[in-house]
Amino acid sequence: MNFIDNPRKLRGFEKHIRVEKVSRRSILKGLGVTGGFVLAAPVMSRQALAYETGAGKMPHGVVIDPRVFVSVAPDGIVTIVGHRSEMGTGVRTSLPLIVAEEMEADWSKVKVQQAHGDEVKFGNQDTDGSRSTRHYLIPMRQIGASARTMLEQAAAKRWKVPATEVKAVNHEVVHSASGRKLGFGELAADAAKESVPAIEGLKLKDPRDFRYLGKGQIGIVDLHDITTGKARYGADVRLPGMKYAAIARPPVTGGKLVKFEPDEALKVPGVEKVMQVQGWPWPSKFQPLGGVAVIARNTGAAIKGRDALKLTWDDGPNGKYESAAYRKELEEASRKPGLVLRQEGDADAALKGADKVIVGEYYIPHLAHVSMEPPVAVADVKGDKAEIWAPVQSPGGTREDVAKTLGIPEANVTVNVTLLGGGFGRKSKCDFALEAALLSKELGAPVKVQWTREDDIHNGFLHTVSVERIEAGLDKSGKVVAWRHRSVAPSIASTFAAGTVHQAPFEIGMGLVDMPFEIANISCENPEAAAHTRIGWFRSVSNIPRAFAVQSMVGEIAQATGRDQKETLLALIGSPRIVKPAVKDLWNYGEPFDSYPIDTARLRKVVELVAEKGEWGRQVPKGHGLGIAVHRSFVSYIATIVEVAVDEKGKLTVPRVDTAIDCGTYVNPERIASQIEGAAIMGLSIAKYGEITFKDGKVQQKNFDDFQVVRMDDSPVVTNVYIVPPGPDTPPSGVGEPGVPPLAPALINAIFAATGKRIRSLPIGKQLEA
Amino acid sequence: MIKVKINGQEQSWDGDPDLPLLWFLRDEAGLTGTKFGCGQALCGACTVIIDKQAVRACITSVNDVAGREVTTIEGLHPSGDHPVQKAWRQVNVPQCGFCQAGQIMQAAALLMDNPKPSHDQIREAMAGNICRCGCYQRIENAVHLASTGV
Ligand code: FES
Ligand code: FES
């Protein structure tokens, strides 16, 4: 078996997390001076909160140091470092906003500076797993509180009054007894000489005094630049003497170049050179596939030249990969017992003894991320030094991989993180940056590698392909007494280790073994499946097929028993309780269970909230239908109601979507709404159109004409978002991904309500036209 | 030698006349606000305005626009305060932002042609512009806001 408990360890961070004692009274030479204290785990000040997170277990853990993240200029401008990658979630705004809140900075006087890839300095930078807010809410508050405390101490010294008598308020420190005030800028130099306070002793603000957090009126810091064309993404980097490259890669995963003829390419005006690119055998994590690069004076010429190459490939062991045949394999595997991952009661016996057994076999094909910005990177390699500019979700991992690939020390690699034109997991893999580095080294010049949309679709790290088979046994009263769920899908781990046939804990923990229903007899199984292409994280990952299967089955149970969908769902969720699945070392999105249990009270709450606000049970016109689904993922709870309209010809439209999310304590509700609105569109794209198929080992789709996504004219007319107000100590949880999984099953349940047709295979495609 | 006017400035090109305008703008003229999303007129990320029409720069050659005037996102308004840009900011439209230059240019062209578009007209006119992040509801609201006065 190939179980990998923490996927990020795959990065090879064996050197692991640096642990140093917090120096209580270390003398500060200046705010913004590097070299801080690195903590293995965030030190939680007990008075402020009652939870811990998995942040400390991430590679390089968390760094809580105002000197690393904050600087104050004499003119009062506060610069706060954003160390996570911005791909549309708003994290480049939200995390610095937390610091500004806690240090009493005026947001209009704050500048955000993007960190380069350096995890020893900044702590873990992997922007994935919907974990930025949940891992950094408290550390960012602590950083802000330390900076505030230092400013206050500096003012107190200047005035020769006890520090307890002064208070930072909106970019000034005030001494109310005497009415004196000093601006942050005036205090900057002195504050920099203050010692960094001990984290345990920091006084965090009372949330009732928050000006920004949880309020939702803050626009993203890049808003003006985005609307004026100034925002800089990966492809917008231009260096003197830079060359432009497009690469022809093996069309089949594991394929190799046999020969190439450069002549036609060299005839294209603007093309300067044709050269081979080093490739690695499959699987080898994120290493480049290799191929042939065309170097030109601009991207247009490079692409035209690339398309003119004559290439011969050896397709290798995956040359026969064919989607229809593979689907049959998965289906057959799902009908036989597999590796048992969770067993409670006796599902076999209970199914045999059941009054009625409902069987659903649900299929979701491969999906491509198609982030709006295709992969792109710029590299400038000179001798044993490399500088990279790239839209990467993993700046630290990229730095490490560039160093390894070029055989140079990590300290010699600088990774500049641009804005990401969407990521969705694709840009957690830095293969495109490695290609640029290899080419720049060989050319001795800076080079930009631009992937086309066709490249993106043909040579990506696809979402897996899966059959989820569920058998539900009902007793005479219609109560579900048995549940057997078999999940068959090639694993992401196959991209790291050859011969992988079972899913990893981080995949089975996404809606399979953590299934929250109150059922006496449960069996969750994982039959084998081998991969034939590169599989990677795709926004929400295995939660997509799991929520689709489990929540469709709820609809099928409602259908079989003639009961209301929502009532059936609540009955299955059962009593408010903490679910403790009988699973050894259950993976919980990397979080401790004490802070992030599987809480059915919260699951019920989002169902009830969305039902109330979304007017569940309302009268809808003929041809319309309502469907509901709920799913816990990334330790958040989300329920969605979809209204569909299906006309006589089978044309499907979505007049309305309602979603309720419980993501615990939150920072910027305005961005939460935008993430959920967007997740509804991505979920709808998956349900209506999403399908990558293979023939002769090659992806058959190429661009947005045959791999379609939802456009404005078929997007939901209205998406309403309701956020559950957090309790005083509710830990923050994921937002970026959890919105996607419930959309498809809610939609499918709605289609059944509207038409009586039960769809078990995505995409819907033409199934409603029959 | 091909001459084109881009955002009011005359530019010339003596390379491949078939070079897509997109790459001329981005790589030769250094105007990187116009984005590459598909190269096949399928996504709208590369939308510019030529003679009051929204045009996909990825399938338009430099030769096609010889002697014409091209407006890119950089030239839509001197201070970035075109009603569409202002509306976009007021509604907080963007997520990753990558599609937004194209969306804004498409919307600006729509409003030149039809200053008060209906719900259906907005959805139809903007359907060529993909937003993978899914900002459509806000895009529609922003176009509506721009058409009614920001
Ligand atoms: S890049 Fe021109 S339409 Fe997509
Ligand atoms: S905002 Fe990301 S593609 Fe539109």
# chains A, B, ... in the order shown; residues from 1 in each chain; ligands from 1
$ residues_near_ligand --ligand "ligand 1" --cutoff "10 Å" --atoms "only C-alpha atoms and all ligand atoms" --output "MDAnalysis selection string"
(chainID A and resid 372:373 452:453 703:704) or (chainID B and resid 20:22 34:48 55:60 99 102 128:130)
$ closest_atom_pairs --of "chain B" --to "chain A" --cutoff "8 Å" --atoms "only C-alpha atoms" --output "CSV"
residue,atom,partner,partner_atom,distance
B:Gly15,CA,A:Pro269,CA,7.2
B:Asp16,CA,A:Pro269,CA,5.9
B:Leu19,CA,A:Gly300,CA,6.3
B:Pro20,CA,A:Gly300,CA,6.6
B:Trp23,CA,A:Gly300,CA,5.5
B:Phe24,CA,A:Asn298,CA,8.0
B:Arg26,CA,A:Asp236,CA,7.9
B:Asp27,CA,A:Asn298,CA,5.7
B:Glu28,CA,A:Asn298,CA,7.2
B:Thr32,CA,A:Asp236,CA,5.6
B:Gly33,CA,A:Gly229,CA,4.0
B:Thr34,CA,A:Gly229,CA,7.2
B:Phe36,CA,A:Glu373,CA,7.2
B:Gly37,CA,A:Met372,CA,5.7
B:Cys38,CA,A:Arg453,CA,5.1
B:Gly39,CA,A:Arg453,CA,7.5
B:Leu42,CA,A:Phe704,CA,6.1
B:Cys43,CA,A:Phe704,CA,7.2
B:Ile73,CA,A:Gly229,CA,5.7
B:Glu74,CA,A:Gly229,CA,5.8
B:Gly80,CA,A:Thr228,CA,5.5
B:Gln85,CA,A:Thr227,CA,5.8
B:Trp88,CA,A:Thr227,CA,7.1
B:Arg89,CA,A:Leu223,CA,6.4
B:Asn92,CA,A:Gly219,CA,6.3
B:Pro94,CA,A:Leu223,CA,7.3
B:Gln95,CA,A:Gly88,CA,4.1
B:Cys96,CA,A:Gly88,CA,3.5
B:Gly97,CA,A:Ile226,CA,5.8
B:Phe98,CA,A:Gly421,CA,4.8
B:Cys99,CA,A:Met372,CA,6.7
B:Gln100,CA,A:Thr227,CA,6.7
B:Ala101,CA,A:Gly229,CA,6.1
B:Ile104,CA,A:Thr227,CA,7.5
B:Arg123,CA,A:Asp713,CA,4.9
B:Glu124,CA,A:Asp713,CA,5.8
B:Met126,CA,A:Met712,CA,6.4
B:Ala127,CA,A:Met712,CA,5.0
B:Gly128,CA,A:Arg711,CA,7.3
B:Asn129,CA,A:Arg711,CA,7.2
B:Ile130,CA,A:Arg711,CA,5.7
B:Cys131,CA,A:Met372,CA,7.1
B:Arg132,CA,A:Met372,CA,5.8
B:Cys133,CA,A:Gly678,CA,5.4
B:Gly134,CA,A:Gly678,CA,4.1
B:Cys135,CA,A:Gly678,CA,6.0
B:Tyr136,CA,A:Met712,CA,5.6
B:Gln137,CA,A:Val718,CA,6.9
$ select_by_dssp --residues "segment 14-209 of chain A" --states "alpha helix (DSSP H)" --output "PyMOL selection string"
chain A and resi 66-69+91-103+119-122+132-159+184-193
$ select_by_dssp --residues "segment 21-116 of chain B" --states "strand (DSSP E)" --output "list of chain:residue names"
B:Thr47, B:Val48, B:Ile49, B:Ile50, B:Gln53, B:Ala54, B:Val55, B:Arg56, B:Glu69, B:Val70, B:Thr71
$ atom_distance --atom1 "atom CA of Gly536 of chain A" --atom2 "atom CA of Trp483 of chain A"
28.8 Å
$ residues_around --residues "Lys116 of chain B" --least-positions-apart "5" --cutoff "10 Å" --atoms "only C-alpha atoms" --output "list in words"
Leu110, Leu111, Gln121, Ile122, Val143, His144, Leu145, Ala146, Ser147 and Thr148 of chain B
$ closest_residue --among "A:Val699, A:Ile641, A:Ile519, A:Ala753" --to "Gly460 of chain A" --atoms "only C-alpha atoms"
A:Val699
$ residues_around --residues "segment 258-262 of chain A" --least-positions-apart "5" --cutoff "7 Å" --atoms "only C-alpha atoms" --output "number ranges by chain"
A: 274, 309-314
$ write_last_selection --atoms "C-alpha atoms" --output "compact mmCIF listing (two decimals), in the first residue's frame"
# COMPACT_ATOMS: atom_id res chain seq x y z
CA VAL A 274 14.82 24.73 -31.41
CA LEU A 309 7.65 20.87 -35.46
CA LYS A 310 7.65 17.34 -36.83
CA LEU A 311 7.76 14.99 -33.87
CA THR A 312 7.91 11.26 -33.30
CA TRP A 313 7.06 9.90 -29.87
CA ASP A 314 7.27 6.57 -28.16
$ atom_distance --atom1 "atom CA of Phe506 of chain A" --atom2 "atom CA of Thr533 of chain A"
19.5 Å
$ residues_around --residues "Asp113 of chain B" --least-positions-apart "3" --cutoff "9 Å" --atoms "only C-alpha atoms" --output "list in words"
Lys52, Gln53, Ala108, Ala109 and Leu110 of chain B
$ residues_around --residues "segment 341-347 of chain A" --least-positions-apart "2" --cutoff "7 Å" --atoms "only C-alpha atoms" --output "list in words"
Leu339, Ala349, Ala350, Leu351, Ala482, Trp483, Arg484, Val513, Ala520, Asn521, Ile522, Ser523, Cys524, Glu525, Ala582 and Val583 of chain A
$ atom_distance --atom1 "atom CA of Val63 of chain A" --atom2 "atom CA of Gly123 of chain A"
4.9 Å
$ residues_around --residues "segment 64-69 of chain B" --least-positions-apart "2" --cutoff "10 Å" --atoms "only C-alpha atoms" --output "number ranges by chain"
B: 1-13, 17-21, 49-52, 57, 59-62, 71-72
